[in-house]
>>> print(open('my_file_31.cif').read())   # mmCIF, C-alpha atoms and all ligand atoms
data_final
loop_
_atom_site.group_PDB
_atom_site.id
_atom_site.type_symbol
_atom_site.label_atom_id
_atom_site.label_comp_id
_atom_site.auth_asym_id
_atom_site.auth_seq_id
_atom_site.Cartn_x
_atom_site.Cartn_y
_atom_site.Cartn_z
ATOM 1 C CA MET M 5 57.999 101.193 -134.395
ATOM 2 C CA ARG M 6 57.526 98.694 -131.597
ATOM 3 C CA THR M 7 54.743 96.223 -131.021
ATOM 4 C CA LYS M 8 53.879 95.419 -127.427
ATOM 5 C CA GLU M 9 51.697 92.587 -126.285
ATOM 6 C CA LEU M 10 49.751 92.932 -123.047
ATOM 7 C CA ARG M 11 48.870 89.958 -120.884
ATOM 8 C CA ILE M 12 45.635 90.290 -118.951
ATOM 9 C CA PHE M 13 44.715 87.711 -116.372
ATOM 10 C CA VAL M 14 41.114 86.932 -115.524
ATOM 11 C CA TYR M 15 40.107 84.088 -113.238
ATOM 12 C CA GLU M 16 36.694 82.616 -113.982
ATOM 13 C CA TYR M 17 34.346 80.693 -111.705
ATOM 14 C CA ASN M 18 30.985 79.057 -112.390
ATOM 15 C CA THR M 19 29.219 79.966 -109.162
ATOM 16 C CA VAL M 20 29.746 82.110 -106.106
ATOM 17 C CA TRP M 21 30.363 78.958 -104.041
ATOM 18 C CA ASP M 22 33.500 78.167 -106.048
ATOM 19 C CA LEU M 23 35.136 81.449 -104.950
ATOM 20 C CA PRO M 24 37.496 81.762 -101.966
ATOM 21 C CA GLU M 25 35.444 82.413 -98.821
ATOM 22 C CA ALA M 26 36.386 86.093 -98.460
ATOM 23 C CA ASP M 27 35.226 86.731 -102.041
ATOM 24 C CA GLN M 28 31.959 84.867 -101.434
ATOM 25 C CA GLN M 29 31.287 87.114 -98.442
ATOM 26 C CA LEU M 30 31.895 90.229 -100.523
ATOM 27 C CA VAL M 31 29.626 89.056 -103.351
ATOM 28 C CA MET M 32 26.863 88.362 -100.824
ATOM 29 C CA ALA M 33 27.242 91.890 -99.407
ATOM 30 C CA ALA M 34 27.032 93.305 -102.946
ATOM 31 C CA ARG M 35 23.878 91.261 -103.651
ATOM 32 C CA GLU M 36 22.313 92.647 -100.455
ATOM 33 C CA ALA M 37 23.254 96.201 -101.434
ATOM 34 C CA ALA M 38 21.734 95.783 -104.911
ATOM 35 C CA LYS M 39 18.327 95.292 -103.296
ATOM 36 C CA ASP M 40 18.377 98.919 -102.107
ATOM 37 C CA ALA M 41 19.480 100.448 -105.416
ATOM 38 C CA TYR M 42 17.451 103.387 -106.678
ATOM 39 C CA ALA M 43 17.064 102.437 -110.336
ATOM 40 C CA PRO M 44 13.532 103.336 -111.462
ATOM 41 C CA TYR M 45 14.691 104.397 -114.946
ATOM 42 C CA SER M 46 16.902 101.478 -115.995
ATOM 43 C CA GLY M 47 15.464 98.702 -113.833
ATOM 44 C CA PHE M 48 19.116 97.602 -113.486
ATOM 45 C CA PHE M 49 19.899 97.227 -109.796
ATOM 46 C CA VAL M 50 23.628 97.254 -109.119
ATOM 47 C CA GLY M 51 25.357 96.535 -105.809
ATOM 48 C CA ALA M 52 29.016 97.022 -104.920
ATOM 49 C CA ALA M 53 30.769 95.926 -101.748
ATOM 50 C CA LEU M 54 34.300 96.854 -100.708
ATOM 51 C CA ARG M 55 36.644 95.217 -98.241
ATOM 52 C CA LEU M 56 38.720 97.849 -96.432
ATOM 53 C CA ALA M 57 42.194 97.400 -94.940
ATOM 54 C CA ASP M 58 40.819 96.651 -91.458
ATOM 55 C CA GLY M 59 38.411 94.020 -92.828
ATOM 56 C CA LYS M 60 35.363 96.279 -92.690
ATOM 57 C CA ILE M 61 32.858 95.812 -95.521
ATOM 58 C CA VAL M 62 31.264 98.925 -97.007
ATOM 59 C CA SER M 63 28.650 98.817 -99.733
ATOM 60 C CA GLY M 64 26.782 101.029 -102.174
ATOM 61 C CA ASN M 65 24.303 100.827 -105.024
ATOM 62 C CA ASN M 66 23.388 102.827 -108.109
ATOM 63 C CA GLN M 67 21.463 106.047 -107.532
ATOM 64 C CA GLU M 68 19.570 107.235 -110.598
ATOM 65 C CA ASN M 69 17.976 110.583 -111.378
ATOM 66 C CA ALA M 70 15.269 111.870 -113.739
ATOM 67 C CA ALA M 71 18.084 113.971 -115.209
ATOM 68 C CA PHE M 72 19.924 110.805 -116.258
ATOM 69 C CA PRO M 73 23.582 111.948 -116.153
ATOM 70 C CA THR M 74 23.138 113.065 -112.546
ATOM 71 C CA GLY M 75 22.871 109.468 -111.370
ATOM 72 C CA LEU M 76 25.889 107.533 -110.117
ATOM 73 C CA CYS M 77 27.057 103.925 -110.428
ATOM 74 C CA ALA M 78 27.138 101.578 -107.454
ATOM 75 C CA GLU M 79 30.932 101.245 -107.564
ATOM 76 C CA ARG M 80 31.542 104.974 -107.194
ATOM 77 C CA VAL M 81 28.827 105.387 -104.551
ATOM 78 C CA ALA M 82 30.584 102.699 -102.472
ATOM 79 C CA LEU M 83 34.104 103.922 -103.198
ATOM 80 C CA PHE M 84 33.437 107.594 -102.490
ATOM 81 C CA TYR M 85 31.513 106.737 -99.328
ATOM 82 C CA ALA M 86 34.419 104.574 -98.135
ATOM 83 C CA HIS M 87 37.038 107.234 -98.819
ATOM 84 C CA ALA M 88 34.883 110.015 -97.350
ATOM 85 C CA THR M 89 34.164 108.042 -94.177
ATOM 86 C CA TYR M 90 37.381 106.059 -93.679
ATOM 87 C CA PRO M 91 40.094 108.088 -95.437
ATOM 88 C CA GLY M 92 42.805 106.202 -93.532
ATOM 89 C CA LEU M 93 41.808 102.825 -94.922
ATOM 90 C CA SER M 94 42.704 101.454 -98.334
ATOM 91 C CA VAL M 95 40.300 99.373 -100.379
ATOM 92 C CA GLN M 96 41.525 95.812 -100.848
ATOM 93 C CA ALA M 97 38.720 94.281 -102.896
ATOM 94 C CA ILE M 98 35.440 95.134 -104.583
ATOM 95 C CA ALA M 99 32.583 92.850 -105.621
ATOM 96 C CA VAL M 100 29.992 94.067 -108.132
ATOM 97 C CA THR M 101 26.658 92.476 -108.952
ATOM 98 C CA ALA M 102 23.474 93.455 -110.795
ATOM 99 C CA SER M 103 19.878 92.283 -111.007
ATOM 100 C CA ASN M 104 17.022 93.102 -113.294
ATOM 101 C CA ILE M 105 13.425 91.942 -113.422
ATOM 102 C CA ASN M 106 14.663 88.383 -114.083
ATOM 103 C CA GLY M 107 16.989 88.291 -111.054
ATOM 104 C CA ILE M 108 20.780 88.321 -111.042
ATOM 105 C CA VAL M 109 22.048 88.989 -114.549
ATOM 106 C CA ASP M 110 23.984 86.320 -116.465
ATOM 107 C CA GLY M 111 26.967 88.634 -116.148
ATOM 108 C CA PRO M 112 29.680 89.108 -115.255
ATOM 109 C CA VAL M 113 28.834 92.765 -114.615
ATOM 110 C CA SER M 114 31.530 94.944 -116.126
ATOM 111 C CA PRO M 115 32.262 98.301 -114.439
ATOM 112 C CA CYS M 116 31.960 101.351 -116.696
ATOM 113 C CA GLY M 117 35.018 103.342 -117.728
ATOM 114 C CA SER M 118 34.475 106.079 -115.141
ATOM 115 C CA CYS M 119 34.290 103.544 -112.317
ATOM 116 C CA ARG M 120 37.484 101.866 -113.546
ATOM 117 C CA GLN M 121 39.125 105.288 -113.505
ATOM 118 C CA ALA M 122 37.925 105.878 -109.917
ATOM 119 C CA LEU M 123 39.288 102.468 -108.872
ATOM 120 C CA ILE M 124 42.692 103.304 -110.402
ATOM 121 C CA GLU M 125 42.808 106.553 -108.408
ATOM 122 C CA SER M 126 42.162 104.608 -105.198
ATOM 123 C CA GLU M 127 44.918 102.107 -106.044
ATOM 124 C CA VAL M 128 47.408 104.895 -106.693
ATOM 125 C CA ARG M 129 46.369 106.919 -103.631
ATOM 126 C CA TYR M 130 46.770 104.015 -101.212
ATOM 127 C CA LYS M 131 49.408 102.038 -103.167
ATOM 128 C CA GLN M 132 47.088 99.058 -102.839
ATOM 129 C CA PRO M 133 45.963 96.882 -105.741
ATOM 130 C CA ILE M 134 42.203 96.288 -105.627
ATOM 131 C CA ARG M 135 40.962 92.757 -106.241
ATOM 132 C CA ILE M 136 37.868 92.943 -108.447
ATOM 133 C CA ILE M 137 35.122 90.315 -108.343
ATOM 134 C CA LEU M 138 32.449 90.628 -111.030
ATOM 135 C CA ASP M 139 29.348 88.625 -110.239
ATOM 136 C CA GLY M 140 26.974 86.893 -112.648
ATOM 137 C CA LYS M 141 24.573 83.973 -112.633
ATOM 138 C CA LYS M 142 26.467 82.099 -115.356
ATOM 139 C CA LYS M 143 30.012 83.224 -114.705
ATOM 140 C CA ILE M 144 32.055 85.162 -112.147
ATOM 141 C CA GLN M 145 35.281 86.896 -113.083
ATOM 142 C CA VAL M 146 38.105 87.910 -110.749
ATOM 143 C CA PHE M 147 40.880 90.380 -111.611
ATOM 144 C CA GLU M 148 43.891 90.950 -109.371
ATOM 145 C CA ASP M 149 43.913 94.700 -109.932
ATOM 146 C CA THR M 150 42.408 97.485 -112.016
ATOM 147 C CA GLY M 151 45.342 97.478 -114.447
ATOM 148 C CA ASN M 152 43.907 94.264 -115.849
ATOM 149 C CA LEU M 153 40.609 96.058 -116.539
ATOM 150 C CA LEU M 154 41.953 99.431 -117.642
ATOM 151 C CA PRO M 155 45.415 99.262 -119.190
ATOM 152 C CA PHE M 156 47.066 102.541 -120.277
ATOM 153 C CA ALA M 157 45.005 104.423 -117.679
ATOM 154 C CA PHE M 158 45.303 108.135 -117.048
ATOM 155 C CA LYS M 159 47.085 108.347 -113.674
ATOM 156 C CA PRO M 160 48.303 111.192 -111.436
ATOM 157 C CA GLU M 161 51.760 110.938 -113.064
ATOM 158 C CA SER M 162 50.091 111.635 -116.426
ATOM 159 C CA LEU M 163 49.713 115.215 -115.185
ATOM 160 C CA ASP M 164 53.515 115.712 -114.973
HETATM 161 N N1 LIG U 1 25.627 100.928 -113.434
HETATM 162 C C1 LIG U 1 26.332 100.723 -112.289
HETATM 163 O O1 LIG U 1 25.903 101.090 -111.189
HETATM 164 N N2 LIG U 1 27.508 100.091 -112.383
HETATM 165 C C2 LIG U 1 28.023 99.558 -113.530
HETATM 166 O O2 LIG U 1 29.096 98.967 -113.498
HETATM 167 C C3 LIG U 1 27.294 99.693 -114.791
HETATM 168 C C4 LIG U 1 26.089 100.536 -114.748
HETATM 169 C C5 LIG U 1 24.320 101.580 -113.333
HETATM 170 C C6 LIG U 1 24.190 102.944 -113.902
HETATM 171 C C7 LIG U 1 22.720 103.033 -114.184
HETATM 172 O O3 LIG U 1 22.050 103.384 -112.987
HETATM 173 C C8 LIG U 1 22.335 101.602 -114.531
HETATM 174 O O4 LIG U 1 23.363 100.783 -114.006
HETATM 175 C C9 LIG U 1 22.177 101.345 -116.012
HETATM 176 O O5 LIG U 1 23.295 101.723 -116.707
#
>>> encode(input="my_file_31.cif", output="structure tokens")
Amino acid sequence: MRTKELRIFVYEYNTVWDLPEADQQLVMAAREAAKDAYAPYSGFFVGAALRLADGKIVSGNNQENAAFPTGLCAERVALFYAHATYPGLSVQAIAVTASNINGIVDGPVSPCGSCRQALIESEVRYKQPIRIILDGKKKIQVFEDTGNLLPFAFKPESLD
């Protein structure tokens, strides 16, 4: 028997203005995208913005459905749009935010397991770690890659 200890790094900031400028820009794009979310059932409006390898910013938001499981999270809407439209460009960073009736949530917004899995696939496909910025009114968290959010992930090599 062996015991392993994992070290996970998370960098925390009090406000968006304390972030490096490129991260601030991405959070602002995510906040804009959240305004167009289609979330009549949850009232939870999520925005995600990605920075691609050429510096382009692409965004998405959650799209709900009366048949609840049919809906999709903001992160995957943005990610799948980016890979469908710009398959030659890796994703370098993602910012995620969410608002409800009271405005931006205290946060930080934490991506669901399926979105973490989709982010891992993108990292493996493009051999590019994705910087993850999770927005919130009270706290913002930054992770250097998805491994810090989803250790022991199922990856393509798991199929071997
Ligand atoms: N949602 C996202 O878009 N991203 C997340 O990281 C968490 C949850 C959406 C799904 C659903 O439309 C609503 O938020 C409530 O779960």
>>> atom_distance(input="my_file_31.cif", atom1="CA of Leu163 (chain M)", atom2="CA of Arg6 (chain M)")
24.6 Å
>>> closest_residue(input="my_file_31.cif", among="M:Gly59, M:Gly51, M:Gly117, M:Gly64", to="Thr101 (chain M)", atoms="all atoms listed in the file")
M:Gly51
>>> residues_near_ligand(input="my_file_31.cif", ligand="ligand LIG 1 (chain U)", cutoff="8 Å", atoms="all atoms listed in the file", output="list of chain:residue names")
M:Tyr42, M:Ala43, M:Tyr45, M:Ser46, M:Gly47, M:Phe48, M:Phe49, M:Val50, M:Gly51, M:Asn65, M:Asn66, M:Gln67, M:Glu68, M:Gly75, M:Leu76, M:Cys77, M:Ala78, M:Glu79, M:Arg80, M:Val100, M:Ala102, M:Val113, M:Ser114, M:Pro115, M:Cys116, M:Cys119
>>> closest_residue(input="my_file_31.cif", among="M:Ile134, M:Val128, M:Leu123, M:Lys159", to="Phe84 (chain M)", atoms="all atoms listed in the file")
M:Leu123
>>> atom_distance(input="my_file_31.cif", atom1="CA of Trp21 (chain M)", atom2="CA of Thr150 (chain M)")
23.5 Å
>>> residues_around(input="my_file_31.cif", residues="Lys131 (chain M)", least_positions_apart="5", cutoff="12 Å", atoms="only C-alpha atoms", output="list in words")
Ala57, Leu93, Ser94, Val95, Gln96, Leu123, Ile124, Glu125, Ser126 and Asp149 of chain M
>>> resolve_selection(input="my_file_31.cif", expression="the PyMOL selection byres (((chain M and resi 135-137) around 8) and not hetatm)", output="list in words")
Asp27, Val31, Gln96, Ala97, Ile98, Ala99, Val100, Pro133, Ile134, Leu138, Asp139, Ile144, Gln145, Val146, Phe147, Glu148, Asp149 and Thr150 of chain M
>>> write_last_selection(input="my_file_31.cif", atoms="C-alpha atoms", output="mmCIF file, in the frame of the given file")
data_model
loop_
_atom_site.group_PDB
_atom_site.id
_atom_site.type_symbol
_atom_site.label_atom_id
_atom_site.label_comp_id
_atom_site.auth_asym_id
_atom_site.auth_seq_id
_atom_site.Cartn_x
_atom_site.Cartn_y
_atom_site.Cartn_z
ATOM 1 C CA ASP M 27 35.226 86.731 -102.041
ATOM 2 C CA VAL M 31 29.626 89.056 -103.351
ATOM 3 C CA GLN M 96 41.525 95.812 -100.848
ATOM 4 C CA ALA M 97 38.720 94.281 -102.896
ATOM 5 C CA ILE M 98 35.440 95.134 -104.583
ATOM 6 C CA ALA M 99 32.583 92.850 -105.621
ATOM 7 C CA VAL M 100 29.992 94.067 -108.132
ATOM 8 C CA PRO M 133 45.963 96.882 -105.741
ATOM 9 C CA ILE M 134 42.203 96.288 -105.627
ATOM 10 C CA LEU M 138 32.449 90.628 -111.030
ATOM 11 C CA ASP M 139 29.348 88.625 -110.239
ATOM 12 C CA ILE M 144 32.055 85.162 -112.147
ATOM 13 C CA GLN M 145 35.281 86.896 -113.083
ATOM 14 C CA VAL M 146 38.105 87.910 -110.749
ATOM 15 C CA PHE M 147 40.880 90.380 -111.611
ATOM 16 C CA GLU M 148 43.891 90.950 -109.371
ATOM 17 C CA ASP M 149 43.913 94.700 -109.932
ATOM 18 C CA THR M 150 42.408 97.485 -112.016
#
>>> closest_residue(input="my_file_31.cif", among="M:Ala122, M:Ala71, M:Ala26, M:Leu56", to="Thr89 (chain M)", atoms="only C-alpha atoms")
M:Leu56
>>> closest_residue(input="my_file_31.cif", among="M:Ala34, M:Ala157, M:Val109, M:Val20", to="Ala53 (chain M)", atoms="only C-alpha atoms")
M:Ala34
>>> atom_distance(input="my_file_31.cif", atom1="CA of Ala86 (chain M)", atom2="CA of Asp22 (chain M)")
27.6 Å
>>> closest_residue(input="my_file_31.cif", among="M:Pro155, M:Pro160, M:Gly140, M:Pro44", to="Gly107 (chain M)", atoms="all atoms listed in the file")
M:Gly140
>>> residues_near_point(input="my_file_31.cif", point="(31.4, 98.3, -97.7)", cutoff="6 Å", atoms="all atoms listed in the file", output="ChimeraX atom specification")
/M:53-54,61-63
>>> closest_residue(input="my_file_31.cif", among="M:Asn152, M:Asn69, M:Gln28, M:Ser162", to="Arg55 (chain M)", atoms="all atoms listed in the file")
M:Gln28
